[in-house]
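Step one of this worksheet: look at the structure below.
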Amino acid sequence: AQSVTQPDIHITVSEGASLELRCNYSYGATPYLFWYVQSPGQGLQLLLKYFSGDTLVQGIKGFEAEFKRSQSSFNLRKPSVHWSDAAEYFCAVRTLGGGGNKLTFGTGTQLKVEL
Amino acid sequence: DGGITQSPKYLFRKEGQNVTLSCEQNLNHDAMYWYRQDPGQGLRLIYYSQIVNDFQKGDIAEGYSVSREKKESFPLTVTSAQKNPTAFYLCASSTQGVGTEAFFGQGTRLTVV
């Protein structure tokens with residue numbers, strides 16, 4: 001079965017420091033991968049997505065992610081974190097099944113930014 | 001503006017009562033989804049629908065029911081059979097393509113007392 005693993009439950013970085021959030025997926029076919037961000041009590045906003053082509057994808061708010069098939073990873077990065085980036089981040093994979101396609105999420109990484 | 005509207009934002013119910021959460025979208029999306037979010041567990045899929053009058057169970061469908069009578073609407077009923085219904089519920093929609101993202105509503109926080 002398809003799955004997404006986000007190994008880090010909480011991450012704390014200083015403002016201005018670089019950030020990398022890890023995501024590993026398990027899926028037999030070509031994955032369609034997404035990163036979302038969620039502020040407290042809100043819905044999810046798409047940061048970026050990958051489904052083919054260049055393995056380094058750019059997203060909104062200065063985020064980027066790199067797809068590495070050999071490592072089954074899709075890590076999210078940002079060169080310099082801002083205090084407003086504090087939120088919860090979710091990695092997701094879209095998969096095909098008997099009932100159609102669906103989106104499976106990881107358990108999320110809570111990012112705290114120290115000023 | 002196009003988007004997904006979930007109502008209400010906060011909902012309180014007594015144990016043993018059924019409750020229905022509303023989800024409406026005006027994005028002309030064929031697919032709609034319901035997720036449940038609990039701290040430390042991410043988003044877990046309850047039900048999803050690819051087309052009107054059709055829906056499939058997700059990973060945690062027990063104690064929930066849905067209907068899809070209109071393209072724009074995908075209400076979720078939390079029944080008394082759901083053993084731990086207090087949670088944050090998120091509705092989403094998307095087009096049918098596998099490379100397309102899902103768009104989310106602002107969520108409904110259900111508290112059962």
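Naming scheme: A, B, ... for chains in displayed order of the structure tokens; residues 1 onward per chain; ligands 1 onward as shown.
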With a cut-off of 8 Å, could you pull out the residues of chain A touching chain B and give me the nearest pair of atoms for each, distance in Å to one decimal, using only C-alpha atoms, ordered by chain and ascending number, as JSON lines?
{"residue": "A:Ile9", "atom": "CA", "partner": "B:Gly40", "partner_atom": "CA", "distance": 7.6}
{"residue": "A:Tyr32", "atom": "CA", "partner": "B:Gly99", "partner_atom": "CA", "distance": 6.0}
{"residue": "A:Phe34", "atom": "CA", "partner": "B:Glu101", "partner_atom": "CA", "distance": 7.5}
{"residue": "A:Gly41", "atom": "CA", "partner": "B:Gly107", "partner_atom": "CA", "distance": 7.5}
{"residue": "A:Gln42", "atom": "CA", "partner": "B:Gln106", "partner_atom": "CA", "distance": 5.0}
{"residue": "A:Gly43", "atom": "CA", "partner": "B:Gln106", "partner_atom": "CA", "distance": 4.2}
{"residue": "A:Leu44", "atom": "CA", "partner": "B:Phe104", "partner_atom": "CA", "distance": 5.8}
{"residue": "A:Gln45", "atom": "CA", "partner": "B:Phe104", "partner_atom": "CA", "distance": 7.3}
{"residue": "A:Leu46", "atom": "CA", "partner": "B:Glu101", "partner_atom": "CA", "distance": 7.5}
{"residue": "A:Lys49", "atom": "CA", "partner": "B:Glu101", "partner_atom": "CA", "distance": 7.6}
{"residue": "A:Tyr50", "atom": "CA", "partner": "B:Gly99", "partner_atom": "CA", "distance": 7.8}
{"residue": "A:Phe51", "atom": "CA", "partner": "B:Gly99", "partner_atom": "CA", "distance": 5.9}
{"residue": "A:Phe90", "atom": "CA", "partner": "B:Gly42", "partner_atom": "CA", "distance": 7.6}
{"residue": "A:Arg94", "atom": "CA", "partner": "B:Val98", "partner_atom": "CA", "distance": 6.6}
{"residue": "A:Thr95", "atom": "CA", "partner": "B:Val98", "partner_atom": "CA", "distance": 7.5}
{"residue": "A:Leu96", "atom": "CA", "partner": "B:Val98", "partner_atom": "CA", "distance": 7.7}
{"residue": "A:Gly99", "atom": "CA", "partner": "B:Gln56", "partner_atom": "CA", "distance": 6.3}
{"residue": "A:Gly100", "atom": "CA", "partner": "B:Gln50", "partner_atom": "CA", "distance": 6.8}
{"residue": "A:Asn101", "atom": "CA", "partner": "B:Val98", "partner_atom": "CA", "distance": 6.6}
{"residue": "A:Lys102", "atom": "CA", "partner": "B:Tyr48", "partner_atom": "CA", "distance": 7.6}
{"residue": "A:Thr104", "atom": "CA", "partner": "B:Leu45", "partner_atom": "CA", "distance": 7.5}
{"residue": "A:Phe105", "atom": "CA", "partner": "B:Leu43", "partner_atom": "CA", "distance": 5.9}
{"residue": "A:Gly106", "atom": "CA", "partner": "B:Gly42", "partner_atom": "CA", "distance": 5.8}
{"residue": "A:Thr107", "atom": "CA", "partner": "B:Gly42", "partner_atom": "CA", "distance": 3.7}
{"residue": "A:Gly108", "atom": "CA", "partner": "B:Gly42", "partner_atom": "CA", "distance": 5.6}
Which of region 3-81 of chain B end up as strand (DSSP E or B) when DSSP is run on this backbone - answer as a PyMOL selection string? chain B and resi 4-7+10-13+19-25+31-38+42-51+54-57+64-66+70+73+76-78
Hey, what's within 12 Å of Tyr27 (chain A) if we count only C-alpha atoms and toss same-chain stuff fewer than 3 positions away? As a PyMOL selection string, please? chain A and resi 1-5+24+30-33+69+72-73+92-97+104
Those same residues, written as a CSV table (one decimal), in the first residue's frame with all heavy atoms?
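Writing done, so here's result17.csv:
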chain,number,residue,atom,x,y,z
A,1,ALA,N,0.8,-1.2,0.0
A,1,ALA,CA,0.0,0.0,0.0
A,1,ALA,C,0.9,1.2,0.0
A,1,ALA,O,2.0,1.2,0.5
A,1,ALA,CB,-0.9,0.0,1.2
A,2,GLN,N,0.4,2.3,-0.6
A,2,GLN,CA,1.1,3.5,-0.6
A,2,GLN,C,1.2,4.1,0.8
A,2,GLN,O,0.3,4.0,1.6
A,2,GLN,CB,0.5,4.5,-1.6
A,2,GLN,CG,-0.9,5.0,-1.2
A,2,GLN,CD,-2.0,4.0,-1.5
A,2,GLN,OE1,-1.7,2.9,-2.1
A,2,GLN,NE2,-3.2,4.3,-1.1
A,3,SER,N,2.3,4.9,1.0
A,3,SER,CA,2.4,5.5,2.3
A,3,SER,C,3.4,6.7,2.2
A,3,SER,O,4.2,6.7,1.2
A,3,SER,CB,2.9,4.6,3.4
A,3,SER,OG,4.2,4.2,3.2
A,4,VAL,N,3.3,7.6,3.1
A,4,VAL,CA,4.2,8.7,3.2
A,4,VAL,C,4.7,8.8,4.6
A,4,VAL,O,3.9,8.8,5.6
A,4,VAL,CB,3.5,10.0,2.8
A,4,VAL,CG1,4.4,11.2,2.9
A,4,VAL,CG2,2.9,9.9,1.4
A,5,THR,N,6.0,9.0,4.7
A,5,THR,CA,6.7,9.1,6.1
A,5,THR,C,7.3,10.4,6.2
A,5,THR,O,8.2,10.8,5.3
A,5,THR,CB,7.7,8.0,6.3
A,5,THR,OG1,7.0,6.7,6.1
A,5,THR,CG2,8.3,8.1,7.7
A,24,ASN,N,9.6,10.7,2.8
A,24,ASN,CA,9.8,9.5,2.1
A,24,ASN,C,8.5,8.9,1.7
A,24,ASN,O,7.5,8.9,2.5
A,24,ASN,CB,10.6,8.5,2.9
A,24,ASN,CG,12.0,9.1,3.2
A,24,ASN,OD1,12.3,9.7,4.2
A,24,ASN,ND2,12.9,8.8,2.2
A,30,THR,N,5.1,5.6,-10.7
A,30,THR,CA,5.6,7.0,-10.7
A,30,THR,C,4.7,7.8,-9.7
A,30,THR,O,3.5,7.8,-9.9
A,30,THR,CB,5.5,7.6,-12.1
A,30,THR,OG1,6.3,6.9,-12.9
A,30,THR,CG2,6.0,9.0,-12.0
A,31,PRO,N,5.3,8.4,-8.7
A,31,PRO,CA,4.5,9.1,-7.7
A,31,PRO,C,4.2,10.5,-8.2
A,31,PRO,O,4.9,11.1,-8.9
A,31,PRO,CB,5.4,9.1,-6.5
A,31,PRO,CG,6.8,9.2,-7.1
A,31,PRO,CD,6.7,8.4,-8.4
A,32,TYR,N,3.0,11.0,-7.7
A,32,TYR,CA,2.7,12.4,-7.9
A,32,TYR,C,2.8,13.0,-6.5
A,32,TYR,O,2.0,12.6,-5.6
A,32,TYR,CB,1.3,12.5,-8.5
A,32,TYR,CG,1.2,11.9,-9.8
A,32,TYR,CD1,0.8,10.6,-10.0
A,32,TYR,CD2,1.5,12.6,-11.0
A,32,TYR,CE1,0.8,10.0,-11.2
A,32,TYR,CE2,1.5,12.0,-12.2
A,32,TYR,CZ,1.1,10.7,-12.4
A,32,TYR,OH,1.1,10.1,-13.6
A,33,LEU,N,3.7,13.9,-6.2
A,33,LEU,CA,4.0,14.3,-4.9
A,33,LEU,C,3.7,15.8,-4.6
A,33,LEU,O,3.8,16.6,-5.5
A,33,LEU,CB,5.5,14.1,-4.6
A,33,LEU,CG,5.9,12.6,-4.7
A,33,LEU,CD1,7.4,12.5,-4.9
A,33,LEU,CD2,5.5,11.9,-3.4
A,69,ARG,N,14.3,9.6,-6.9
A,69,ARG,CA,13.7,8.3,-7.0
A,69,ARG,C,14.5,7.2,-6.3
A,69,ARG,O,13.9,6.3,-5.7
A,69,ARG,CB,13.5,8.0,-8.5
A,69,ARG,CG,12.7,6.7,-8.8
A,69,ARG,CD,12.7,6.3,-10.2
A,69,ARG,NE,12.1,7.3,-11.0
A,69,ARG,CZ,10.7,7.4,-11.2
A,69,ARG,NH1,10.0,6.5,-10.7
A,69,ARG,NH2,10.2,8.3,-12.0
A,72,SER,N,13.6,7.4,-2.8
A,72,SER,CA,12.1,7.5,-2.5
A,72,SER,C,11.9,8.7,-1.6
A,72,SER,O,11.1,8.7,-0.6
A,72,SER,CB,11.6,6.3,-1.9
A,72,SER,OG,11.7,5.2,-2.8
A,73,SER,N,12.5,9.9,-2.0
A,73,SER,CA,12.4,11.0,-1.1
A,73,SER,C,11.9,12.2,-1.9
A,73,SER,O,12.0,12.3,-3.1
A,73,SER,CB,13.7,11.3,-0.4
A,73,SER,OG,14.6,11.8,-1.4
A,92,ALA,N,2.5,14.7,0.7
A,92,ALA,CA,1.4,13.9,0.2
A,92,ALA,C,1.7,13.2,-1.1
A,92,ALA,O,2.5,13.8,-1.9
A,92,ALA,CB,0.1,14.6,0.1
A,93,VAL,N,1.2,12.0,-1.3
A,93,VAL,CA,1.3,11.4,-2.6
A,93,VAL,C,0.0,11.0,-3.2
A,93,VAL,O,-0.9,10.5,-2.4
A,93,VAL,CB,2.2,10.1,-2.4
A,93,VAL,CG1,1.6,9.1,-1.5
A,93,VAL,CG2,2.4,9.4,-3.8
A,94,ARG,N,-0.2,11.3,-4.4
A,94,ARG,CA,-1.5,10.9,-5.1
A,94,ARG,C,-1.3,9.5,-5.8
A,94,ARG,O,-0.3,9.3,-6.5
A,94,ARG,CB,-1.9,11.9,-6.1
A,94,ARG,CG,-3.3,11.7,-6.7
A,94,ARG,CD,-3.7,12.7,-7.7
A,94,ARG,NE,-4.2,13.9,-7.1
A,94,ARG,CZ,-5.4,14.1,-6.6
A,94,ARG,NH1,-6.2,13.1,-6.5
A,94,ARG,NH2,-5.8,15.2,-6.1
A,95,THR,N,-2.2,8.6,-5.5
A,95,THR,CA,-2.1,7.3,-6.0
A,95,THR,C,-3.3,6.9,-6.7
A,95,THR,O,-4.4,7.4,-6.4
A,95,THR,CB,-1.8,6.3,-4.8
A,95,THR,OG1,-2.8,6.4,-3.9
A,95,THR,CG2,-0.5,6.7,-4.2
A,96,LEU,N,-3.2,5.9,-7.5
A,96,LEU,CA,-4.3,5.3,-8.3
A,96,LEU,C,-4.7,4.0,-7.6
A,96,LEU,O,-3.9,3.2,-7.3
A,96,LEU,CB,-3.9,5.1,-9.7
A,96,LEU,CG,-3.6,6.3,-10.5
A,96,LEU,CD1,-3.1,5.9,-11.9
A,96,LEU,CD2,-4.8,7.2,-10.6
A,97,GLY,N,-6.1,3.8,-7.5
A,97,GLY,CA,-6.6,2.6,-7.0
A,97,GLY,C,-7.8,2.2,-7.7
A,97,GLY,O,-8.3,2.8,-8.6
A,104,THR,N,-2.8,10.6,-0.3
A,104,THR,CA,-2.4,10.1,1.0
A,104,THR,C,-1.4,11.0,1.7
A,104,THR,O,-0.4,11.4,1.0
A,104,THR,CB,-1.8,8.7,0.9
A,104,THR,OG1,-2.8,7.8,0.3
A,104,THR,CG2,-1.4,8.1,2.2
Using DSSP assignments from the backbone, pull out every residue in chain A that falls under helix (DSSP H, G or I) and give it to me as a PyMOL selection string. chain A and resi 60-62+69-71+83-85
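The space between CA of Pro8 (chain B) and CA of Gln110 (chain A) spans 26.0 Å.
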Residues near Asn53 (chain B), anyone? I mean within 12 Å using only C-alpha atoms, not counting same-chain ones fewer than 4 positions away, as a list in words. Asp30, Ala31, Met32, Tyr48, Ser49, Val66, Ser67, Arg68, Glu69, Lys70, Lys71, Glu72, Ser73 and Phe74 of chain B
Two-atom distance - CA of Leu27 (chain B), CA of Ile60 (chain A) (Å):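 Value for the CA of Leu27 (chain B)-CA of Ile60 (chain A) distance: 21.2 Å.
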Fewer than 5 positions away in the same chain doesn't count, so skip those; otherwise give me all residues within 10 Å of Lys78 (chain A), counting only C-alpha atoms, as a VMD selection string. chain A and resid 16 to 21 61 to 65 85
Got time to write the residues from that selection, N, CA and C atoms, as a compact mmCIF listing (two decimals), in the first residue's frame?
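The result, stored in again_18.txt:
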# COMPACT_ATOMS: atom_id res chain seq x y z
N GLY A 16 16.23 33.04 9.48
CA GLY A 16 17.38 33.27 8.62
C GLY A 16 18.17 32.02 8.30
N ALA A 17 17.97 30.98 9.08
CA ALA A 17 18.67 29.72 8.84
C ALA A 17 18.00 28.95 7.72
N SER A 18 18.73 27.98 7.18
CA SER A 18 18.15 27.15 6.13
C SER A 18 17.29 26.06 6.74
N LEU A 19 16.43 25.49 5.91
CA LEU A 19 15.46 24.50 6.39
C LEU A 19 15.39 23.34 5.41
N GLU A 20 15.31 22.14 5.95
CA GLU A 20 15.01 20.98 5.13
C GLU A 20 14.05 20.08 5.89
N LEU A 21 12.92 19.81 5.31
CA LEU A 21 11.93 18.90 5.89
C LEU A 21 11.91 17.62 5.05
N LYS A 61 6.36 31.06 -1.80
CA LYS A 61 7.00 31.49 -0.55
C LYS A 61 8.46 31.11 -0.48
N GLY A 62 9.11 30.91 -1.60
CA GLY A 62 10.54 30.63 -1.61
C GLY A 62 10.91 29.18 -1.34
N PHE A 63 9.95 28.30 -1.30
CA PHE A 63 10.23 26.87 -1.05
C PHE A 63 10.57 26.14 -2.35
N GLU A 64 11.35 25.08 -2.21
CA GLU A 64 11.66 24.19 -3.30
C GLU A 64 11.71 22.77 -2.75
N ALA A 65 11.59 21.80 -3.64
CA ALA A 65 11.69 20.41 -3.22
C ALA A 65 12.39 19.62 -4.31
N ASP A 85 7.03 31.53 8.52
CA ASP A 85 6.99 30.15 8.02
C ASP A 85 6.60 29.15 9.10
Just want the 8 Å neighbourhood of Ala81 (chain B), counted on only C-alpha atoms, with same-chain residues fewer than 6 positions away dropped. Output as a VMD selection string. chain B and resid 16 62 to 64
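Proximity to Val13 (chain A) was assessed for A:Leu56, A:Val37, A:Val113, A:Leu47 counting only C-alpha atoms; the smallest distance is recorded for A:Val113.
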Could you please determine the separation between CA of Tyr89 (chain A) and CA of Arg77 (chain A) in Å, to one decimal place? 11.5 Å
Between B:Val112, B:Ser7, B:Ser80, B:Thr95, which residue has the minimum interatomic distance to Cys23 (chain B), considering only C-alpha atoms?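 Nearest to Cys23 (chain B): B:Ser7.
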